[in-house]
Structure formats: C-alpha cells, structure tokens
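> Sharing structure11.txt (compact mmCIF, C-alpha atoms) below.
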# COMPACT_ATOMS: atom_id res chain seq x y z
CA MET Z 888 109.75 75.14 82.34
CA ALA Z 889 108.16 76.99 85.23
CA LEU Z 890 109.74 79.98 86.93
CA ARG Z 891 111.44 78.89 90.13
CA TYR Z 892 110.36 80.34 93.46
CA LEU Z 893 113.05 80.66 96.13
CA ASN Z 894 113.15 80.00 99.83
CA SER Z 895 115.20 82.20 102.14
CA LYS Z 896 118.23 79.91 102.19
CA LEU Z 897 118.49 79.70 98.41
CA ALA Z 898 117.90 83.43 97.95
CA GLN Z 899 120.76 84.10 100.35
CA GLN Z 900 123.00 81.61 98.55
CA ILE Z 901 122.35 83.25 95.19
CA ASP Z 902 123.15 86.69 96.63
CA GLU Z 903 126.40 85.37 98.05
CA GLU Z 904 127.37 83.81 94.73
CA LEU Z 905 126.59 87.01 92.85
CA MET Z 906 129.02 88.86 95.13
CA SER Z 907 131.66 86.12 95.23
CA ALA Z 908 134.86 86.12 93.20
CA ALA Z 909 133.06 84.01 90.60
CA GLY Z 910 129.98 86.26 90.40
CA ALA Z 911 132.14 89.42 90.50
CA PHE Z 912 129.33 91.83 91.44
CA SER Z 913 129.66 94.38 94.23
CA LEU Z 914 126.84 95.17 96.65
CA ASP Z 915 126.71 98.69 95.21
CA GLN Z 916 126.07 97.33 91.71
CA LEU Z 917 123.30 94.97 92.77
CA MET Z 918 121.61 97.62 94.90
CA GLU Z 919 121.73 100.14 92.06
CA LEU Z 920 120.17 97.71 89.59
CA ALA Z 921 117.53 96.55 92.09
CA GLY Z 922 116.57 100.08 93.05
CA LEU Z 923 116.33 101.13 89.42
CA ALA Z 924 114.04 98.18 88.70
CA CYS Z 925 111.79 99.13 91.62
CA ALA Z 926 111.58 102.74 90.49
CA GLN Z 927 110.78 101.62 86.96
CA ALA Z 928 108.02 99.29 88.17
CA LEU Z 929 106.39 102.02 90.25
CA ALA Z 930 106.59 104.46 87.34
CA THR Z 931 105.07 101.85 85.02
CA VAL Z 932 101.97 101.43 87.16
CA TYR Z 933 101.64 104.89 88.76
CA ASN Z 934 102.36 107.74 86.36
CA ARG Z 935 103.86 110.88 87.80
CA GLU Z 936 101.03 113.15 86.61
CA LYS Z 937 98.49 111.36 88.81
CA TYR Z 938 100.80 109.96 91.51
CA PRO Z 939 103.70 112.42 91.87
CA ARG Z 940 104.23 112.16 95.65
CA VAL Z 941 105.93 108.92 96.66
CA LEU Z 942 106.58 108.00 100.29
CA VAL Z 943 109.58 105.67 100.28
CA CYS Z 944 109.68 103.62 103.49
CA CYS Z 945 113.11 102.12 104.16
CA GLY Z 946 114.35 99.57 106.65
CA PRO Z 947 117.88 99.44 108.09
CA GLY Z 948 119.30 96.72 105.81
CA ASN Z 949 119.85 96.04 102.12
CA GLN Z 950 116.11 96.30 101.49
CA GLY Z 951 116.26 99.88 102.70
CA GLY Z 952 119.28 100.45 100.49
CA ASP Z 953 117.22 99.38 97.48
CA GLY Z 954 114.60 101.89 98.59
CA LEU Z 955 117.14 104.71 98.82
CA VAL Z 956 118.35 103.97 95.29
CA ALA Z 957 114.75 103.81 94.05
CA ALA Z 958 113.98 107.17 95.69
CA ARG Z 959 116.89 108.79 93.87
CA HIS Z 960 115.80 107.37 90.52
CA LEU Z 961 112.19 108.41 91.13
CA GLY Z 962 113.46 111.92 91.73
CA MET Z 963 115.33 111.72 88.44
CA PHE Z 964 112.12 110.52 86.78
CA GLY Z 965 110.30 113.67 87.93
CA TYR Z 966 108.47 112.30 90.97
CA LYS Z 967 108.54 113.97 94.39
CA PRO Z 968 109.80 111.28 96.78
CA THR Z 969 110.01 111.62 100.54
CA LEU Z 970 111.97 109.22 102.76
CA TRP Z 971 110.77 107.58 105.93
CA TYR Z 972 114.00 106.08 107.24
CA PRO Z 973 113.61 105.72 111.02
CA LYS Z 974 116.58 103.38 111.63
CA PRO Z 975 119.34 104.28 109.16
CA GLY Z 976 121.83 101.52 108.49
CA SER Z 977 125.25 102.04 110.04
CA LYS Z 978 127.31 100.81 107.08
CA GLU Z 979 129.05 103.32 104.85
CA ILE Z 980 127.06 102.27 101.79
CA TYR Z 981 123.77 103.30 103.44
CA LYS Z 982 125.22 106.63 104.49
CA ARG Z 983 126.37 107.30 100.94
CA LEU Z 984 123.00 106.33 99.49
CA GLN Z 985 121.21 108.62 101.93
CA GLN Z 986 123.59 111.46 101.08
CA GLN Z 987 122.84 110.93 97.40
CA CYS Z 988 119.16 111.43 98.20
CA THR Z 989 119.98 114.56 100.19
CA ASN Z 990 121.92 115.85 97.19
CA MET Z 991 118.76 115.30 95.12
CA GLN Z 992 116.86 117.44 97.66
CA ILE Z 993 114.76 114.47 98.70
CA PRO Z 994 113.44 115.20 102.22
CA THR Z 995 113.67 112.72 105.09
CA LEU Z 996 110.96 112.69 107.74
CA ASP Z 997 111.73 113.69 111.31
CA ASN Z 998 112.29 110.46 113.21
CA ASN Z 999 111.90 112.12 116.60
CA ALA Z 1000 108.29 113.21 116.20
CA PRO Z 1001 106.09 111.49 118.82
CA ASP Z 1002 103.36 109.00 117.96
CA ASN Z 1003 104.59 108.65 114.36
CA ARG Z 1004 103.28 112.15 113.75
CA SER Z 1005 105.59 112.84 110.81
CA LEU Z 1006 104.69 109.51 109.18
CA ARG Z 1007 100.97 110.15 109.63
CA SER Z 1008 101.34 113.60 108.08
CA ALA Z 1009 103.38 112.26 105.17
CA LEU Z 1010 100.83 109.55 104.43
CA ALA Z 1011 98.10 112.20 104.30
CA SER Z 1012 100.04 114.09 101.64
CA SER Z 1013 101.32 111.18 99.52
CA ASP Z 1014 99.93 109.42 96.47
CA VAL Z 1015 101.71 106.06 96.62
CA VAL Z 1016 103.98 104.16 99.03
CA LEU Z 1017 107.14 102.26 98.15
CA ASP Z 1018 107.65 99.56 100.79
CA ALA Z 1019 111.36 98.80 101.19
CA ILE Z 1020 111.30 97.92 104.89
CA PHE Z 1021 111.89 94.18 105.29
CA GLY Z 1022 113.47 91.74 102.85
CA PHE Z 1023 113.84 87.98 102.49
CA SER Z 1024 115.94 87.72 105.67
CA PHE Z 1025 113.11 89.09 107.86
CA LYS Z 1026 112.33 87.08 110.99
CA PRO Z 1027 109.30 87.90 113.16
CA PRO Z 1028 108.19 89.58 115.29
CA VAL Z 1029 107.96 93.04 113.75
CA ARG Z 1030 109.78 95.36 116.12
CA ALA Z 1031 109.54 99.08 116.86
CA PRO Z 1032 109.19 101.46 115.16
CA PHE Z 1033 107.92 99.31 112.30
CA ASP Z 1034 105.29 97.49 114.38
CA ALA Z 1035 103.31 100.70 114.69
CA ALA Z 1036 104.08 101.85 111.17
CA LEU Z 1037 102.79 98.87 109.17
CA PRO Z 1038 99.17 99.34 110.34
CA LEU Z 1039 99.40 103.04 109.48
CA LEU Z 1040 100.54 102.23 105.96
CA THR Z 1041 97.67 99.79 105.55
CA GLN Z 1042 95.08 102.15 107.02
CA SER Z 1043 96.19 104.99 104.76
CA GLY Z 1044 94.43 103.37 101.81
CA LEU Z 1045 97.27 104.44 99.53
CA PRO Z 1046 98.47 102.10 96.80
CA ILE Z 1047 101.57 100.21 97.93
CA VAL Z 1048 104.47 98.88 95.87
CA SER Z 1049 106.54 96.33 97.80
CA VAL Z 1050 110.16 95.45 97.12
CA ASP Z 1051 110.89 91.70 96.83
CA ILE Z 1052 108.60 90.55 99.66
CA PRO Z 1053 105.79 92.54 101.31
CA SER Z 1054 106.99 93.79 104.69
CA GLY Z 1055 105.89 91.55 107.54
CA TRP Z 1056 105.52 88.44 105.37
CA ASN Z 1057 107.33 85.18 105.98
CA VAL Z 1058 109.51 84.65 102.92
CA GLU Z 1059 108.33 81.05 102.53
CA GLN Z 1060 104.80 81.08 103.98
CA GLY Z 1061 103.41 84.53 103.23
CA ASP Z 1062 101.50 86.68 105.71
CA VAL Z 1063 101.07 83.88 108.24
CA ASP Z 1064 101.06 86.24 111.24
CA GLY Z 1065 98.51 88.60 109.71
CA VAL Z 1066 100.62 91.71 110.34
CA GLY Z 1067 102.10 92.21 106.87
CA LEU Z 1068 101.31 94.73 104.21
CA HIS Z 1069 99.12 93.76 101.27
CA PRO Z 1070 100.52 95.69 98.34
CA ASP Z 1071 98.91 96.36 95.00
CA VAL Z 1072 102.22 95.83 93.21
CA LEU Z 1073 105.17 93.55 94.00
CA VAL Z 1074 108.66 93.78 92.52
CA SER Z 1075 110.46 90.49 93.06
CA LEU Z 1076 114.24 90.70 92.78
CA THR Z 1077 116.44 88.04 91.14
CA ALA Z 1078 113.58 85.49 91.32
CA PRO Z 1079 110.27 85.45 93.22
CA LYS Z 1080 110.12 84.00 96.73
CA GLU Z 1081 107.97 81.06 97.83
CA GLY Z 1082 105.83 83.18 100.14
CA VAL Z 1083 104.38 85.24 97.26
CA LYS Z 1084 103.09 82.37 95.11
CA SER Z 1085 99.51 83.39 95.80
CA PHE Z 1086 100.06 87.15 95.41
CA ILE Z 1087 97.19 88.44 93.26
CA GLY Z 1088 98.29 91.99 92.45
CA ARG Z 1089 100.51 93.14 89.61
CA HIS Z 1090 103.78 91.26 89.93
CA PHE Z 1091 107.03 92.35 88.29
CA LEU Z 1092 110.41 90.67 88.23
CA GLY Z 1093 113.44 92.94 88.51
CA GLY Z 1094 116.72 91.15 88.20
CA ARG Z 1095 118.22 91.81 84.84
CA PHE Z 1096 121.63 91.19 86.29
CA VAL Z 1097 121.52 87.43 86.87
CA PRO Z 1098 124.24 85.86 84.69
CA LYS Z 1099 123.38 82.89 82.51
CA THR Z 1100 125.77 80.61 84.42
CA LEU Z 1101 123.98 81.28 87.70
CA GLU Z 1102 120.51 81.07 86.16
CA GLU Z 1103 121.36 77.65 84.75
CA LYS Z 1104 123.07 76.41 87.92
CA PHE Z 1105 120.00 77.12 90.05
CA GLU Z 1106 117.47 76.30 87.32
CA LEU Z 1107 115.73 79.65 87.78
CA ASN Z 1108 113.97 79.55 84.39
CA LEU Z 1109 113.73 83.32 84.25
CA PRO Z 1110 111.46 84.96 81.66
CA ASP Z 1111 112.81 87.17 78.88
CA TYR Z 1112 112.92 90.88 79.62
CA PRO Z 1113 111.39 93.11 76.95
CA GLY Z 1114 113.65 95.47 75.02
CA PHE Z 1115 115.90 97.42 77.37
CA ALA Z 1116 113.51 97.33 80.35
CA GLN Z 1117 114.82 96.45 83.81
CA ILE Z 1118 111.54 94.71 84.68
CA VAL Z 1119 109.21 92.12 83.24
CA GLU Z 1120 105.61 91.65 84.36
CA LEU Z 1121 104.69 88.15 85.46
CA PRO Z 1122 101.30 86.56 84.72
CA ARG Z 1123 98.61 87.30 87.28
CA VAL Z 1124 97.75 84.53 89.71
CA THR Z 1125 94.13 83.40 89.44
CA THR Z 1126 94.41 80.09 91.27
CA GLU Z 1127 96.98 78.46 93.50
CA PRO Z 1128 100.09 77.79 91.35
CA SER Z 1129 100.66 74.12 90.68
CA GLU Z 1130 103.73 74.03 88.47
CA THR Z 1131 106.25 76.01 90.50
CA GLN Z 1132 109.30 74.18 91.69
CA LYS Z 1133 109.86 73.54 95.35
CA LEU Z 1134 113.16 72.89 96.99
Produce structure tokens that represent the structure in this file.


Amino acid sequence: MALRYLNSKLAQQIDEELMSAAGAFSLDQLMELAGLACAQALATVYNREKYPRVLVCCGPGNQGGDGLVAARHLGMFGYKPTLWYPKPGSKEIYKRLQQQCTNMQIPTLDNNAPDNRSLRSALASSDVVLDAIFGFSFKPPVRAPFDAALPLLTQSGLPIVSVDIPSGWNVEQGDVDGVGLHPDVLVSLTAPKEGVKSFIGRHFLGGRFVPKTLEEKFELNLPDYPGFAQIVELPRVTTEPSETQKL
C-alpha cells in the first residue's frame, strides 16, 4: 500500500495523539528524535569535509525547536553550525534548547544588525542551510523578519535542507504563493505532507518514533527504516504521484 500523505489537520491530530496519555511521548522526546533525524539526513547528503559550515535557520515554534536540536547534533557530528534565531520562542523548552547550543559553543547571529546584515554575512561564509523556520501549522503571509530572509536564503545559491515542509509552502498545496524556499533535500517528519507530493529533490522520512498502533490507526503505511538509522530515503518523484491516499 502507498505511503500516506497528511494534511495539516491530520498531522496535528497525530502529534496530539503522540503526546496524549495513550501515546505517552513528551514534546522533548519528539523534538529530540526529529532533530536527530534532520541532522542525520543533512550529514548523509552533505559530508562535513566538504560542507562543514551549516547555517541553521530557526523559527519561533516547534519547527525551530527541531532546528535547535539538529544544530546541537551537527556540532556533535563535527560540523560547525551557526544559528539564525531572530524570534526565539518564549516557552521554557526553547530556552533550554538554545542554552544547550550555547553550551556546545554554537554561535547565534546578532538579531539587531540592520538590513539583515548578520544573516547576509553568515550566508556568505556557510556551506549549507538547514531550514527549520515554518512547519505544517504555517499560515500565510510570511511576516517579518522572515519575509526578507527567505529571498536571501534562495539568492545565496547554497544547498538547502528543509525540515518537514519547505518554509513558505502551504502544507496541502505547496508553494502556491511563490514565496517559499525550494530545497535540495527535504526531511519529512512522522509522514510526508500533501503539499510536497511533487517535491523532486532528495526526500527523507524521519519519524522512527511512530508506534505501530498509531501507524495502523491512521493507515500511514510507513516504509521500513534501514538498520539503526533514524531516516529512510523515499523514492524520487519523476511524475505526479497517482497512488497516494487523500483524505
């Protein structure tokens, strides 16, 4: 059976069930596993000898939290990550994750520099970008400071790895507004989202935490993960998918 693609409502429902009394996961656990999967996917495609400098761009929500975890793991893997985190989340979990990065001596860009000067400078001295800005709950329009940042990321010409959904994309319809990033690599979490059905880059699934009961309940039809890897690469899209399930 075909891998199921999720809309925003179902993705949210699955997250809630994972963290319910029945699912028994905490947000910290899920974020740690998601961030580790993202770091592993980036390291799989972009080896640290050729692409050591990673600019990790984080939004204010759980997507940004995944990015903070990924940055820490990339540092552990021997990369040299730098954080662009212009609107830090106010919850304690985000503060702890950022402190963990600080403890790893991972620098954070100056958010007060005018005209995105620090971001421009960081892009000029980076090898690859990890996009952890917006997730499946994103609703347009793209607001400051991200509205000015997305074009800079695109114009940099650097390879981009996006977490779950490319920033600026509609989770069900894709880049319908034409303002989203177009990454080279995508790391879908739990299960891929409807808006990325036509994504043509390298596509990984990171979600080796979905219990069998939940996978069966929602008929996710997840692929097998190889060995002890936290990611599995999905087949490349050559034509418009025809066998994916719709809600």

> Pick out the closest residue to Z:Val1072 from this set: Z:Phe1033, Z:Tyr933, Z:Phe912, Z:Phe964. Count all atoms listed in the file.

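The closest residue to Z:Val1072 is Z:Tyr933.
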
> If we count all atoms listed in the file and set the cut-off at 9 Å, which residues sit around stretch 1060-1064 of chain Z, ignoring sequence neighbours fewer than 2 positions away in its own chain? Please answer as a PyMOL selection string.

chain Z and resi 1027-1028+1052-1053+1055-1058+1066-1069+1081-1086

> Could you work out an axis-aligned box for stretch 919-934 of chain Z, taking every atom the file lists and adding 5 Å on each side, and report centre and edge lengths in Å to one decimal, as AutoDock Vina command-line options?


--center_x 111.7 --center_y 102.1 --center_z 89.0 --size_x 30.1 --size_y 21.2 --size_z 18.0

> With distances taken over all atoms listed in the file, which of Z:Leu955, Z:Leu1039, Z:Leu1101, Z:Leu1107 is nearest to Z:Leu893?

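Smallest distance to Z:Leu893 is found for Z:Leu1107.
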
> Looking at Z:Gly1065, Z:Gly946, Z:Gly965, Z:Gly1093, which one is nearest to Z:Ala921, with distances taken over all atoms listed in the file?

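Among Z:Gly1065, Z:Gly946, Z:Gly965, Z:Gly1093, it is Z:Gly1093 that comes nearest to Z:Ala921.
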
> Please provide the set of residues having any atom within 12 Å of Z:Ser1008, restricted to only C-alpha atoms, with same-chain residues fewer than 5 positions apart removed, written as a PyMOL selection string.

chain Z and resi 942+969+971+996-997+1000-1003+1013+1039-1040+1043

> For Z:Ala957, which residue out of Z:Asn934, Z:Gln927, Z:Ser1075, Z:Ser1024 is the nearest one, using only C-alpha atoms?

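Among the listed residues, the smallest separation from Z:Ala957 belongs to Z:Gln927.
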
> Considering only C-alpha atoms, state which residue in the set Z:Asn998, Z:Asn949, Z:Gln900, Z:Ser1049 is at the smallest distance from Z:Lys1104.

Z:Gln900

> Quick check, in Å to one decimal: how far apart do atom CA of Z:Tyr1112 and atom CA of Z:Gln987 lie?

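Going from atom CA of Z:Tyr1112 over to atom CA of Z:Gln987 covers 28.6 Å.
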
> Interatomic distance between atom CA of Z:Thr1100 and atom CA of Z:Gly952?

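Distance between the two atoms: 26.3 Å.
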
> Closest to Z:Gly951 among Z:Leu1073, Z:Ile1047, Z:Leu1017, Z:Ala928, using only C-alpha atoms?

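Of Z:Leu1073, Z:Ile1047, Z:Leu1017, Z:Ala928, the one nearest Z:Gly951, counting only C-alpha atoms, is Z:Leu1017.
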
> Which distance in Å separates atom CA of Z:Ala1078 and atom CA of Z:Ala958, to one decimal?

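Answer for the atom CA of Z:Ala1078 to atom CA of Z:Ala958 separation: 22.1 Å.
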
> Just the residues within 10 Å of Z:Phe1091, please, counting all atoms listed in the file, with nothing from its chain fewer than 2 positions along; format it as a ChimeraX atom specification.

/Z:924-925,928-929,1050-1051,1072-1076,1078-1079,1088-1089,1093-1094,1117-1123

> Filtering to C-alpha atoms, could you give me those residues as a tab-separated table (two decimals), keeping the file's coordinate frame?


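Full text of out_22.tsv as output:
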chain	number	residue	atom	x	y	z
Z	924	ALA	CA	114.04	98.18	88.70
Z	925	CYS	CA	111.79	99.13	91.62
Z	928	ALA	CA	108.02	99.29	88.17
Z	929	LEU	CA	106.39	102.02	90.25
Z	1050	VAL	CA	110.16	95.45	97.12
Z	1051	ASP	CA	110.89	91.70	96.83
Z	1072	VAL	CA	102.22	95.83	93.21
Z	1073	LEU	CA	105.17	93.55	94.00
Z	1074	VAL	CA	108.66	93.78	92.52
Z	1075	SER	CA	110.46	90.49	93.06
Z	1076	LEU	CA	114.24	90.70	92.78
Z	1078	ALA	CA	113.58	85.49	91.32
Z	1079	PRO	CA	110.27	85.45	93.22
Z	1088	GLY	CA	98.29	91.99	92.45
Z	1089	ARG	CA	100.51	93.14	89.61
Z	1093	GLY	CA	113.44	92.94	88.51
Z	1094	GLY	CA	116.72	91.15	88.20
Z	1117	GLN	CA	114.82	96.45	83.81
Z	1118	ILE	CA	111.54	94.71	84.68
Z	1119	VAL	CA	109.21	92.12	83.24
Z	1120	GLU	CA	105.61	91.65	84.36
Z	1121	LEU	CA	104.69	88.15	85.46
Z	1122	PRO	CA	101.30	86.56	84.72
Z	1123	ARG	CA	98.61	87.30	87.28
